[in-house]
$ cat coords.pdb   # PDB, C-alpha atoms
ATOM      1  CA  MET A   1       1.921 101.647  -8.361
ATOM      2  CA  ASN A   2       2.892 104.601 -10.484
ATOM      3  CA  PHE A   3       0.331 104.340 -13.286
ATOM      4  CA  ALA A   4       2.065 106.999 -15.383
ATOM      5  CA  GLU A   5       5.248 104.890 -15.454
ATOM      6  CA  LEU A   6       3.250 101.782 -16.190
ATOM      7  CA  GLU A   7       1.329 103.412 -19.022
ATOM      8  CA  ALA A   8       4.565 104.750 -20.463
ATOM      9  CA  ALA A   9       5.970 101.219 -20.525
ATOM     10  CA  LEU A  10       2.913  99.234 -21.585
ATOM     11  CA  GLY A  11       0.319 101.616 -22.960
ATOM     12  CA  ALA A  12      -3.029 102.699 -21.523
ATOM     13  CA  ASP A  13      -5.043  99.758 -22.902
ATOM     14  CA  THR A  14      -2.798  97.128 -21.315
ATOM     15  CA  VAL A  15      -2.847  98.998 -18.008
ATOM     16  CA  ALA A  16      -6.653  99.138 -18.122
ATOM     17  CA  GLN A  17      -6.722  95.350 -18.657
ATOM     18  CA  LEU A  18      -4.303  94.899 -15.750
ATOM     19  CA  VAL A  19      -6.447  96.987 -13.449
ATOM     20  CA  CYS A  20      -9.525  95.055 -14.529
ATOM     21  CA  THR A  21      -7.770  91.752 -13.802
ATOM     22  CA  TYR A  22      -6.615  93.023 -10.435
ATOM     23  CA  ARG A  23     -10.132  94.117  -9.466
ATOM     24  CA  THR A  24     -11.350  90.625 -10.309
ATOM     25  CA  ASP A  25      -8.468  89.100  -8.284
ATOM     26  CA  LEU A  26      -9.439  91.291  -5.383
ATOM     27  CA  ALA A  27     -13.102  90.261  -5.491
ATOM     28  CA  THR A  28     -12.098  86.588  -5.720
ATOM     29  CA  ARG A  29      -9.680  86.799  -2.792
ATOM     30  CA  LEU A  30     -12.272  88.556  -0.645
ATOM     31  CA  GLU A  31     -14.825  85.843  -1.415
ATOM     32  CA  GLN A  32     -12.256  83.194  -0.477
ATOM     33  CA  LEU A  33     -11.427  85.012   2.757
ATOM     34  CA  ARG A  34     -15.086  85.337   3.720
ATOM     35  CA  ALA A  35     -15.575  81.608   3.143
ATOM     36  CA  ALA A  36     -12.374  80.536   4.925
ATOM     37  CA  THR A  37     -12.725  78.947   8.356
ATOM     38  CA  GLU A  38      -9.371  77.265   9.007
ATOM     39  CA  PRO A  39      -6.420  79.448  10.125
ATOM     40  CA  GLU A  40      -4.187  78.082   7.341
ATOM     41  CA  GLU A  41      -6.868  78.887   4.755
ATOM     42  CA  ILE A  42      -7.206  82.433   6.105
ATOM     43  CA  ARG A  43      -3.425  82.880   6.132
ATOM     44  CA  ARG A  44      -3.082  81.667   2.537
ATOM     45  CA  HIS A  45      -5.855  83.850   1.121
ATOM     46  CA  ALA A  46      -4.736  86.867   3.158
ATOM     47  CA  HIS A  47      -1.235  86.391   1.759
ATOM     48  CA  GLY A  48      -2.603  86.240  -1.783
ATOM     49  CA  LEU A  49      -4.573  89.400  -1.200
ATOM     50  CA  ARG A  50      -1.496  91.107   0.281
ATOM     51  CA  SER A  51       0.657  90.075  -2.658
ATOM     52  CA  GLY A  52      -1.758  91.516  -5.216
ATOM     53  CA  ALA A  53      -2.273  94.703  -3.208
ATOM     54  CA  ALA A  54       1.466  95.193  -2.780
ATOM     55  CA  THR A  55       2.042  94.679  -6.508
ATOM     56  CA  PHE A  56      -0.355  97.501  -7.318
ATOM     57  CA  GLY A  57       0.904  99.760  -4.534
ATOM     58  CA  ALA A  58      -2.243  99.509  -2.398
ATOM     59  CA  THR A  59      -0.224  99.781   0.792
ATOM     60  CA  ALA A  60      -3.084 100.242   3.295
ATOM     61  CA  LEU A  61      -4.833  97.137   1.970
ATOM     62  CA  ALA A  62      -1.545  95.214   1.905
ATOM     63  CA  GLU A  63      -0.924  96.139   5.543
ATOM     64  CA  ALA A  64      -4.449  95.143   6.643
ATOM     65  CA  ALA A  65      -4.007  91.816   4.837
ATOM     66  CA  ARG A  66      -0.603  91.326   6.439
ATOM     67  CA  VAL A  67      -2.093  91.710   9.929
ATOM     68  CA  LEU A  68      -4.780  89.152   9.048
ATOM     69  CA  GLU A  69      -2.162  86.816   7.552
ATOM     70  CA  GLU A  70      -0.201  86.961  10.793
ATOM     71  CA  GLY A  71      -3.255  85.965  12.813
ATOM     72  CA  GLY A  72      -4.375  89.395  14.038
ATOM     73  CA  GLY A  73      -6.778  92.090  12.853
ATOM     74  CA  ASP A  74     -10.126  91.302  11.329
ATOM     75  CA  LEU A  75     -11.753  90.823   7.977
ATOM     76  CA  ALA A  76     -13.762  94.039   8.340
ATOM     77  CA  ALA A  77     -10.580  96.138   8.209
ATOM     78  CA  VAL A  78      -9.503  94.324   5.056
ATOM     79  CA  GLU A  79     -12.931  94.818   3.493
ATOM     80  CA  ARG A  80     -12.835  98.558   4.232
ATOM     81  CA  ALA A  81      -9.404  98.948   2.682
ATOM     82  CA  ALA A  82     -10.426  96.809  -0.300
ATOM     83  CA  ARG A  83     -13.497  98.954  -0.968
ATOM     84  CA  ALA A  84     -11.335 102.077  -1.007
ATOM     85  CA  VAL A  85      -8.871 100.505  -3.445
ATOM     86  CA  ASP A  86     -11.602  99.186  -5.709
ATOM     87  CA  ALA A  87     -13.340 102.571  -5.793
ATOM     88  CA  ALA A  88     -10.085 104.291  -6.732
ATOM     89  CA  LEU A  89      -9.377 101.773  -9.494
ATOM     90  CA  ALA A  90     -12.928 101.824 -10.856
ATOM     91  CA  THR A  91     -12.179 105.088 -12.625
ATOM     92  CA  ARG A  92      -9.443 103.313 -14.642
ATOM     93  CA  ALA A  93     -11.214 100.040 -15.429
ATOM     94  CA  PRO A  94     -14.932 100.276 -14.678
ATOM     95  CA  SER A  95     -16.072  96.676 -15.258
ATOM     96  CA  PRO A  96     -14.020  93.843 -13.818
ATOM     97  CA  ARG A  97     -14.637  90.454 -15.351
ATOM     98  CA  PRO A  98     -16.454  88.042 -13.058
ATOM     99  CA  PRO A  99     -14.385  85.618 -10.929
ATOM    100  CA  GLY A 100     -13.403  82.348 -12.594
ATOM    101  CA  ARG A 101     -11.946  83.803 -15.818
ATOM    102  CA  ASP A 102      -8.913  82.384 -17.606
ATOM    103  CA  ARG A 103      -5.330  83.179 -16.576
ATOM    104  CA  PRO A 104      -3.567  85.952 -18.499
TER
ATOM    105  CA  MET B   1      13.646 100.579 -27.260
ATOM    106  CA  SER B   2      17.348  99.638 -27.377
ATOM    107  CA  SER B   3      16.883  97.013 -24.671
ATOM    108  CA  TYR B   4      14.632  94.887 -26.875
ATOM    109  CA  ARG B   5      15.978  91.329 -26.990
ATOM    110  CA  PRO B   6      14.127  88.964 -29.322
ATOM    111  CA  ASN B   7      13.967  85.160 -29.031
ATOM    112  CA  ARG B   8      14.551  84.913 -25.299
ATOM    113  CA  ARG B   9      12.455  82.791 -22.976
ATOM    114  CA  ALA B  10      11.234  83.777 -19.534
ATOM    115  CA  LEU B  11       9.125  81.980 -16.966
ATOM    116  CA  VAL B  12       6.887  83.766 -14.446
ATOM    117  CA  VAL B  13       5.929  81.674 -11.403
ATOM    118  CA  GLU B  14       3.185  83.636  -9.653
ATOM    119  CA  ASP B  15      -0.211  82.632  -8.285
ATOM    120  CA  THR B  16      -1.801  86.090  -8.384
ATOM    121  CA  PRO B  17      -3.208  86.515 -11.923
ATOM    122  CA  SER B  18      -2.871  90.298 -12.059
ATOM    123  CA  ALA B  19       0.750  90.187 -10.849
ATOM    124  CA  ALA B  20       1.557  87.441 -13.380
ATOM    125  CA  MET B  21      -0.089  89.503 -16.104
ATOM    126  CA  LEU B  22       1.839  92.638 -15.150
ATOM    127  CA  VAL B  23       5.245  90.956 -15.028
ATOM    128  CA  SER B  24       4.541  89.032 -18.244
ATOM    129  CA  ALA B  25       3.598  92.244 -20.045
ATOM    130  CA  LEU B  26       6.792  93.969 -18.886
ATOM    131  CA  LEU B  27       8.929  91.031 -20.012
ATOM    132  CA  ARG B  28       7.194  90.723 -23.391
ATOM    133  CA  GLN B  29       7.843  94.414 -23.870
ATOM    134  CA  GLN B  30      11.538  93.562 -23.344
ATOM    135  CA  GLY B  31      11.372  90.958 -26.105
ATOM    136  CA  PHE B  32      10.835  87.810 -24.069
ATOM    137  CA  THR B  33       8.545  84.943 -24.913
ATOM    138  CA  VAL B  34       6.840  84.352 -21.568
ATOM    139  CA  GLU B  35       5.371  81.229 -19.973
ATOM    140  CA  CYS B  36       3.431  81.388 -16.697
ATOM    141  CA  ALA B  37       3.034  78.862 -13.904
ATOM    142  CA  GLU B  38       0.765  79.204 -10.886
ATOM    143  CA  ASP B  39       2.757  77.111  -8.401
ATOM    144  CA  GLY B  40       6.257  75.861  -7.747
ATOM    145  CA  GLU B  41       5.765  72.331  -9.025
ATOM    146  CA  SER B  42       4.393  73.384 -12.394
ATOM    147  CA  GLY B  43       7.071  76.088 -12.560
ATOM    148  CA  LEU B  44       9.761  73.413 -12.165
ATOM    149  CA  ASP B  45       8.114  71.342 -14.910
ATOM    150  CA  VAL B  46       8.123  74.309 -17.313
ATOM    151  CA  ALA B  47      11.721  75.161 -16.403
ATOM    152  CA  ARG B  48      12.847  71.581 -17.128
ATOM    153  CA  ALA B  49      10.975  71.495 -20.424
ATOM    154  CA  GLN B  50      11.823  74.934 -21.764
ATOM    155  CA  ASP B  51      15.132  75.942 -20.142
ATOM    156  CA  PRO B  52      14.200  79.644 -19.809
ATOM    157  CA  GLU B  53      16.928  82.241 -19.557
ATOM    158  CA  LEU B  54      15.104  84.219 -16.861
ATOM    159  CA  ILE B  55      12.729  83.085 -14.121
ATOM    160  CA  VAL B  56      10.681  85.569 -12.084
ATOM    161  CA  LEU B  57       9.663  83.715  -8.965
ATOM    162  CA  ASP B  58       7.151  84.611  -6.259
ATOM    163  CA  VAL B  59       7.834  83.309  -2.737
ATOM    164  CA  GLY B  60       4.350  82.866  -1.247
ATOM    165  CA  LEU B  61       3.190  80.191  -3.677
ATOM    166  CA  PRO B  62       0.575  77.546  -2.916
ATOM    167  CA  GLY B  63       2.163  74.190  -2.063
ATOM    168  CA  THR B  64       5.920  74.317  -2.535
ATOM    169  CA  ASP B  65       7.076  77.838  -1.655
ATOM    170  CA  GLY B  66       9.379  79.958  -3.790
ATOM    171  CA  PHE B  67      12.492  79.329  -1.668
ATOM    172  CA  THR B  68      12.168  75.548  -1.993
ATOM    173  CA  THR B  69      11.340  75.911  -5.679
ATOM    174  CA  CYS B  70      14.486  77.997  -6.178
ATOM    175  CA  ARG B  71      16.699  75.419  -4.452
ATOM    176  CA  GLU B  72      15.250  72.701  -6.668
ATOM    177  CA  LEU B  73      15.707  74.882  -9.752
ATOM    178  CA  ARG B  74      19.373  75.271  -8.936
ATOM    179  CA  SER B  75      19.914  71.504  -9.153
ATOM    180  CA  PHE B  76      19.348  71.621 -12.925
ATOM    181  CA  SER B  77      19.140  75.223 -14.158
ATOM    182  CA  ASP B  78      21.473  78.202 -14.461
ATOM    183  CA  ALA B  79      18.659  80.566 -15.406
ATOM    184  CA  TYR B  80      18.763  84.033 -13.911
ATOM    185  CA  VAL B  81      16.314  83.883 -10.997
ATOM    186  CA  LEU B  82      14.655  87.108  -9.894
ATOM    187  CA  MET B  83      12.522  86.761  -6.786
ATOM    188  CA  LEU B  84       9.588  89.175  -6.825
ATOM    189  CA  THR B  85       7.608  88.974  -3.632
ATOM    190  CA  ALA B  86       5.663  90.656  -0.854
ATOM    191  CA  GLN B  87       8.009  88.923   1.653
ATOM    192  CA  ASP B  88      10.056  92.003   2.463
ATOM    193  CA  THR B  89      12.123  91.320   5.576
ATOM    194  CA  GLU B  90      15.924  91.191   5.539
ATOM    195  CA  LEU B  91      15.751  87.544   6.578
ATOM    196  CA  ASP B  92      13.485  86.728   3.619
ATOM    197  CA  LYS B  93      16.002  88.304   1.263
ATOM    198  CA  VAL B  94      18.929  86.420   2.788
ATOM    199  CA  ILE B  95      17.013  83.140   2.509
ATOM    200  CA  GLY B  96      16.183  83.992  -1.091
ATOM    201  CA  PHE B  97      19.817  84.579  -2.001
ATOM    202  CA  GLU B  98      20.885  81.470  -0.117
ATOM    203  CA  ALA B  99      18.298  79.495  -2.051
ATOM    204  CA  GLY B 100      20.059  80.550  -5.250
ATOM    205  CA  ALA B 101      18.269  83.727  -6.378
ATOM    206  CA  ASP B 102      20.302  86.187  -8.435
ATOM    207  CA  ASP B 103      18.227  89.190  -7.384
ATOM    208  CA  TYR B 104      15.332  89.980  -5.055
ATOM    209  CA  ILE B 105      12.686  92.680  -5.541
ATOM    210  CA  THR B 106       9.936  93.395  -3.050
ATOM    211  CA  LYS B 107       6.394  94.483  -3.900
ATOM    212  CA  PRO B 108       5.445  97.201  -4.548
ATOM    213  CA  PHE B 109       8.124  97.771  -7.168
ATOM    214  CA  SER B 110       8.637 100.508  -9.707
ATOM    215  CA  THR B 111       8.356  99.653 -13.382
ATOM    216  CA  PRO B 112      11.647 101.323 -14.395
ATOM    217  CA  GLU B 113      13.487  99.583 -11.543
ATOM    218  CA  PHE B 114      12.105  96.183 -12.519
ATOM    219  CA  ILE B 115      13.175  96.673 -16.145
ATOM    220  CA  ALA B 116      16.600  97.966 -15.079
ATOM    221  CA  ARG B 117      17.181  94.979 -12.811
ATOM    222  CA  VAL B 118      16.222  92.532 -15.545
ATOM    223  CA  GLN B 119      18.605  94.269 -17.930
ATOM    224  CA  ALA B 120      21.361  94.233 -15.281
ATOM    225  CA  LEU B 121      20.903  90.490 -14.813
ATOM    226  CA  LEU B 122      21.143  89.896 -18.552
ATOM    227  CA  ARG B 123      24.375  91.896 -18.771
ATOM    228  CA  ARG B 124      26.120  89.451 -16.486
ATOM    229  CA  PRO B 125      28.448  87.187 -18.409
ATOM    230  CA  ARG B 126      27.408  83.620 -18.964
ATOM    231  CA  ARG B 127      29.974  80.940 -19.635
ATOM    232  CA  THR B 128      28.320  79.967 -22.908
ATOM    233  CA  THR B 129      28.945  83.440 -24.362
ATOM    234  CA  VAL B 130      32.687  83.460 -23.606
ATOM    235  CA  GLU B 131      35.246  82.496 -26.262
ATOM    236  CA  PRO B 132      36.661  79.047 -25.437
ATOM    237  CA  ALA B 133      40.201  78.981 -24.071
ATOM    238  CA  PRO B 134      42.769  76.398 -25.170
ATOM    239  CA  ALA B 135      41.766  73.073 -23.616
ATOM    240  CA  PRO B 136      43.738  72.330 -20.444
ATOM    241  CA  GLU B 137      44.734  68.810 -19.450
ATOM    242  CA  VAL B 138      42.378  66.288 -17.933
ATOM    243  CA  ARG B 139      42.523  66.321 -14.114
ATOM    244  CA  ARG B 140      42.078  63.291 -11.852
ATOM    245  CA  PHE B 141      41.120  63.252  -8.164
ATOM    246  CA  GLY B 142      40.637  59.627  -7.148
ATOM    247  CA  ALA B 143      37.528  58.360  -8.902
ATOM    248  CA  LEU B 144      36.707  61.836 -10.219
ATOM    249  CA  THR B 145      37.940  62.889 -13.671
ATOM    250  CA  ILE B 146      37.494  66.429 -14.950
ATOM    251  CA  ASP B 147      37.995  67.330 -18.584
ATOM    252  CA  PRO B 148      37.750  71.137 -18.773
ATOM    253  CA  GLY B 149      38.147  71.179 -22.554
ATOM    254  CA  ALA B 150      35.188  68.883 -23.101
ATOM    255  CA  ARG B 151      33.423  70.381 -20.055
ATOM    256  CA  GLU B 152      32.844  66.875 -18.806
ATOM    257  CA  ALA B 153      33.221  65.315 -15.370
ATOM    258  CA  THR B 154      32.959  61.612 -14.607
ATOM    259  CA  LEU B 155      32.814  59.726 -11.329
ATOM    260  CA  ASP B 156      33.922  56.085 -11.505
ATOM    261  CA  GLY B 157      33.668  56.467 -15.267
ATOM    262  CA  ALA B 158      30.031  57.606 -15.210
ATOM    263  CA  PRO B 159      29.305  61.135 -16.562
ATOM    264  CA  LEU B 160      28.039  63.628 -13.984
ATOM    265  CA  ASN B 161      25.028  65.767 -14.902
ATOM    266  CA  LEU B 162      26.363  69.146 -13.714
ATOM    267  CA  THR B 163      24.865  72.546 -14.440
ATOM    268  CA  ARG B 164      27.092  75.154 -16.048
ATOM    269  CA  ARG B 165      27.839  76.882 -12.774
ATOM    270  CA  GLU B 166      28.455  73.636 -10.910
ATOM    271  CA  PHE B 167      30.982  72.643 -13.566
ATOM    272  CA  ASP B 168      32.531  76.114 -13.479
ATOM    273  CA  LEU B 169      32.985  75.854  -9.699
ATOM    274  CA  LEU B 170      34.556  72.408 -10.057
ATOM    275  CA  ASP B 171      36.773  73.717 -12.842
ATOM    276  CA  VAL B 172      38.037  76.625 -10.724
ATOM    277  CA  LEU B 173      38.637  74.491  -7.631
ATOM    278  CA  SER B 174      40.316  71.629  -9.481
ATOM    279  CA  GLY B 175      42.420  74.008 -11.593
ATOM    280  CA  SER B 176      44.268  75.166  -8.445
ATOM    281  CA  PRO B 177      43.837  72.244  -6.050
ATOM    282  CA  ARG B 178      46.126  73.617  -3.343
ATOM    283  CA  VAL B 179      44.400  76.985  -3.215
ATOM    284  CA  ALA B 180      41.653  77.731  -0.668
ATOM    285  CA  PHE B 181      39.166  80.030  -2.404
ATOM    286  CA  THR B 182      36.961  82.473  -0.538
ATOM    287  CA  ARG B 183      33.312  82.701  -1.548
ATOM    288  CA  SER B 184      34.000  86.122  -3.037
ATOM    289  CA  GLN B 185      36.842  84.749  -5.153
ATOM    290  CA  LEU B 186      34.621  81.951  -6.425
ATOM    291  CA  VAL B 187      31.853  84.428  -7.227
ATOM    292  CA  GLU B 188      34.324  86.564  -9.162
ATOM    293  CA  ARG B 189      35.721  83.591 -11.092
ATOM    294  CA  VAL B 190      32.369  81.930 -11.862
ATOM    295  CA  TRP B 191      29.811  84.740 -11.981
ATOM    296  CA  GLY B 192      32.137  87.571 -13.012
ATOM    297  CA  GLU B 193      33.537  90.615 -11.252
ATOM    298  CA  ASN B 194      30.449  92.732 -11.931
ATOM    299  CA  TRP B 195      28.164  90.375 -10.045
ATOM    300  CA  PHE B 196      26.561  92.287  -7.184
ATOM    301  CA  GLY B 197      24.420  89.716  -5.399
ATOM    302  CA  ASP B 198      24.963  87.693  -2.261
ATOM    303  CA  ASP B 199      28.038  85.454  -1.806
ATOM    304  CA  HIS B 200      25.858  82.846  -0.076
ATOM    305  CA  LEU B 201      24.778  81.818  -3.562
ATOM    306  CA  VAL B 202      28.086  79.897  -3.755
ATOM    307  CA  GLY B 203      27.032  77.695  -0.835
ATOM    308  CA  VAL B 204      23.882  76.591  -2.664
ATOM    309  CA  HIS B 205      25.801  75.527  -5.753
ATOM    310  CA  ILE B 206      28.569  73.863  -3.703
ATOM    311  CA  SER B 207      25.904  71.914  -1.819
ATOM    312  CA  ASN B 208      24.349  70.702  -5.076
ATOM    313  CA  LEU B 209      27.786  69.899  -6.509
ATOM    314  CA  ARG B 210      28.705  67.844  -3.449
ATOM    315  CA  ARG B 211      25.448  65.926  -3.681
ATOM    316  CA  LYS B 212      26.162  64.989  -7.286
ATOM    317  CA  LEU B 213      29.748  64.003  -6.373
ATOM    318  CA  GLY B 214      28.419  61.809  -3.576
ATOM    319  CA  ASP B 215      30.333  63.942  -1.073
ATOM    320  CA  ASP B 216      29.360  63.813   2.580
ATOM    321  CA  GLY B 217      29.166  67.467   3.688
ATOM    322  CA  ARG B 218      30.713  66.575   7.071
ATOM    323  CA  ASN B 219      33.562  64.521   5.597
ATOM    324  CA  PRO B 220      33.874  65.401   1.903
ATOM    325  CA  ARG B 221      36.392  63.777  -0.445
ATOM    326  CA  PHE B 222      36.278  66.253  -3.316
ATOM    327  CA  VAL B 223      35.102  69.716  -2.232
ATOM    328  CA  LEU B 224      36.594  70.518   1.159
ATOM    329  CA  THR B 225      35.438  73.277   3.490
ATOM    330  CA  VAL B 226      38.276  75.458   4.767
ATOM    331  CA  ARG B 227      37.011  76.970   7.985
ATOM    332  CA  GLY B 228      36.883  80.749   8.000
ATOM    333  CA  ILE B 229      37.965  80.881   4.357
ATOM    334  CA  GLY B 230      35.789  78.953   1.909
ATOM    335  CA  PHE B 231      36.513  75.872  -0.189
ATOM    336  CA  ARG B 232      39.329  73.967  -1.884
ATOM    337  CA  MET B 233      39.703  70.793  -3.859
ATOM    338  CA  GLY B 234      40.263  67.533  -1.973
ATOM    339  CA  PRO B 235      42.340  64.543  -3.102
ATOM    340  CA  GLY B 236      39.301  62.373  -3.762
ATOM    341  CA  ARG B 237      40.306  59.701  -1.264
TER
END
$ encode --input "coords.pdb" --output "structure tokens"
Amino acid sequence: MNFAELEAALGADTVAQLVCTYRTDLATRLEQLRAATEPEEIRRHAHGLRSGAATFGATALAEAARVLEEGGGDLAAVERAARAVDAALATRAPSPRPPGRDRP
Amino acid sequence: MSSYRPNRRALVVEDTPSAAMLVSALLRQQGFTVECAEDGESGLDVARAQDPELIVLDVGLPGTDGFTTCRELRSFSDAYVLMLTAQDTELDKVIGFEAGADDYITKPFSTPEFIARVQALLRRPRRTTVEPAPAPEVRRFGALTIDPGAREATLDGAPLNLTRREFDLLDVLSGSPRVAFTRSQLVERVWGENWFGDDHLVGVHISNLRRKLGDDGRNPRFVLTVRGIGFRMGPGR
């Protein structure tokens, strides 16, 4: 995601809220993936994680999630990529809301 | 911004909250009132209730996926459908267009491109914005009666609940019943010459039209398939 373009379109405050919501999404999806045991459950949550990562241009995380979604790879690779994304985004929106918040 | 368009409704069907929030914010900035739905079924409910002008539809939805949702949408809505998804293969795109999408954007997407594509969709002519032409005569094909002036079609005297584009297709075909139209010609006549999407969209609407006419796809009475060409009107017998 080109944050300069996004801020030009929506303003810095809205983008900070978006990043915060995405960081919460990410934490929620990771929790769901860790708890998932059935292949269909893993596929569904990996797809959700990939979709969010792709939206925000986190291509390495999206690719790791894609491999997991397709039945390969492992959760550890996704977790590593997710930590890198979250650390990069933390400078833009330091405090994600806890999982379970209302929809936008 | 000159592209601001007040009083327009959009629907975002997306199960990832941050993606829904992002797309909603971009559409609101373009002047849309935006509703969100988290899955295909609730998206269809909102679309039926609110008749949005634009629908941004994810593919990988929980339950009913975006392709199936789009096909169902096309049975009652002429909204512009923009698929926005992480499903990025050529096959996914073809399926999306065949399901009735007007455009298809893969994630990640650029903000200016998204806005430009929405604006391009909205520039396409819609039948309701065109000045009415003098009413042509009522046409009869067996049990099917088409009144282009009233934009009404009846089958055995019962009104058919056709979408705008389904009626437009029937109008074009029945207006020149001996002409076999290619998909491209039908796209040009119904969607306009500036339409730049996939011609397979015609097949989706023809399929829905046939279903409402009670046509058997293998032996249709009203909308005939002309092999290697496209479609033409049948005699209705």
$ closest_residue --input "coords.pdb" --among "A:Ala90, A:Leu33, A:Ala12, A:Leu49" --to "chain B" --atoms "all atoms listed in the file"
A:Leu49
$ resolve_selection --input "coords.pdb" --expression "the PyMOL selection byres ((chain A) within 6 of (chain B))" --output "PDB file with C-alpha atoms, in the frame of the given file"
ATOM      1  CA  THR A  21      -7.770  91.752 -13.802  1.00  0.00           C
ATOM      2  CA  TYR A  22      -6.615  93.023 -10.435  1.00  0.00           C
ATOM      3  CA  SER A  51       0.657  90.075  -2.658  1.00  0.00           C
ATOM      4  CA  ALA A  54       1.466  95.193  -2.780  1.00  0.00           C
ATOM      5  CA  THR A  55       2.042  94.679  -6.508  1.00  0.00           C
ATOM      6  CA  GLY A  57       0.904  99.760  -4.534  1.00  0.00           C
ATOM      7  CA  PRO A 104      -3.567  85.952 -18.499  1.00  0.00           C
TER       8      PRO A 104
END
$ resolve_selection --input "coords.pdb" --expression "the PyMOL selection byres ((chain A and resi 67-69) around 12)" --output "VMD selection string"
(chain A and resid 33 39 to 51 60 to 66 70 to 79) or (chain B and resid 60 87)
$ atom_distance --input "coords.pdb" --atom1 "atom CA of Gly217 of chain B" --atom2 "atom CA of Ala79 of chain B"
25.4 Å
$ residues_around --input "coords.pdb" --residues "Leu27 of chain B" --least-positions-apart "5" --cutoff "9 Å" --atoms "only C-alpha atoms" --output "number ranges by chain"
B: 10, 22, 32-34, 115, 118
$ atom_distance --input "coords.pdb" --atom1 "atom CA of Glu53 of chain B" --atom2 "atom CA of Thr69 of chain B"
16.2 Å
$ closest_residue --input "coords.pdb" --among "B:Gly203, B:Pro159, B:Gly43, B:Gly234" --to "Leu11 of chain B" --atoms "only C-alpha atoms"
B:Gly43
$ resolve_selection --input "coords.pdb" --expression "the PyMOL selection byres ((chain A and resi 1-5) around 6)" --output "ChimeraX atom specification"
/A:6-8,56-57
$ atom_distance --input "coords.pdb" --atom1 "atom CA of Asp88 of chain B" --atom2 "atom CA of Asp39 of chain B"
19.8 Å
$ residues_around --input "coords.pdb" --residues "Ala88 of chain A" --least-positions-apart "6" --cutoff "12 Å" --atoms "only C-alpha atoms" --output "PyMOL selection string"
chain A and resi 19+23+56+58+81-82+94
$ closest_residue --input "coords.pdb" --among "B:Arg74, B:Arg218, B:Arg117, B:Arg210" --to "Met233 of chain B" --atoms "all atoms listed in the file"
B:Arg210
$ residues_around --input "coords.pdb" --residues "Thr154 of chain B" --least-positions-apart "4" --cutoff "12 Å" --atoms "all atoms listed in the file" --output "list in words"
Val138, Arg139, Arg140, Phe141, Gly142, Ala143, Leu144, Thr145, Ile146, Asp147, Pro148, Ala150, Ala158, Pro159, Leu160, Asn161, Leu162, Phe167, Leu170, Lys212, Leu213 and Gly214 of chain B
$ residues_around --input "coords.pdb" --residues "Thr91 of chain A" --least-positions-apart "5" --cutoff "12 Å" --atoms "all atoms listed in the file" --output "ChimeraX atom specification"
/A:16,19-20,23,85-86,96
$ closest_residue --input "coords.pdb" --among "A:Arg34, A:Arg29, A:Arg92, A:Thr59" --to "Asp13 of chain A" --atoms "all atoms listed in the file"
A:Arg92
$ decode --input "coords.pdb" --residues "segment 24-35 of chain A" --atoms "N, CA and C atoms" --output "compact mmCIF listing (two decimals), in the first residue's frame"
# COMPACT_ATOMS: atom_id res chain seq x y z
N THR A 24 -5.43 -4.90 14.31
CA THR A 24 -6.34 -5.72 15.12
C THR A 24 -6.82 -6.93 14.32
N ASP A 25 -7.18 -6.70 13.04
CA ASP A 25 -7.55 -7.81 12.14
C ASP A 25 -6.47 -8.89 12.14
N LEU A 26 -5.25 -8.41 12.00
CA LEU A 26 -4.11 -9.32 11.89
C LEU A 26 -3.97 -10.17 13.16
N ALA A 27 -4.08 -9.52 14.31
CA ALA A 27 -3.97 -10.25 15.58
C ALA A 27 -5.10 -11.27 15.70
N THR A 28 -6.30 -10.86 15.28
CA THR A 28 -7.46 -11.77 15.37
C THR A 28 -7.26 -12.97 14.46
N ARG A 29 -6.85 -12.72 13.22
CA ARG A 29 -6.66 -13.82 12.27
C ARG A 29 -5.57 -14.79 12.76
N LEU A 30 -4.52 -14.25 13.34
CA LEU A 30 -3.46 -15.13 13.84
C LEU A 30 -3.97 -16.00 14.98
N GLU A 31 -4.76 -15.40 15.86
CA GLU A 31 -5.36 -16.19 16.96
C GLU A 31 -6.23 -17.30 16.39
N GLN A 32 -7.02 -16.96 15.38
CA GLN A 32 -7.91 -17.97 14.77
C GLN A 32 -7.10 -19.08 14.11
N LEU A 33 -6.00 -18.69 13.46
CA LEU A 33 -5.16 -19.70 12.81
C LEU A 33 -4.50 -20.62 13.83
N ARG A 34 -4.03 -20.04 14.92
CA ARG A 34 -3.39 -20.86 15.96
C ARG A 34 -4.38 -21.86 16.54
N ALA A 35 -5.64 -21.44 16.64
CA ALA A 35 -6.65 -22.31 17.26
C ALA A 35 -7.25 -23.32 16.27
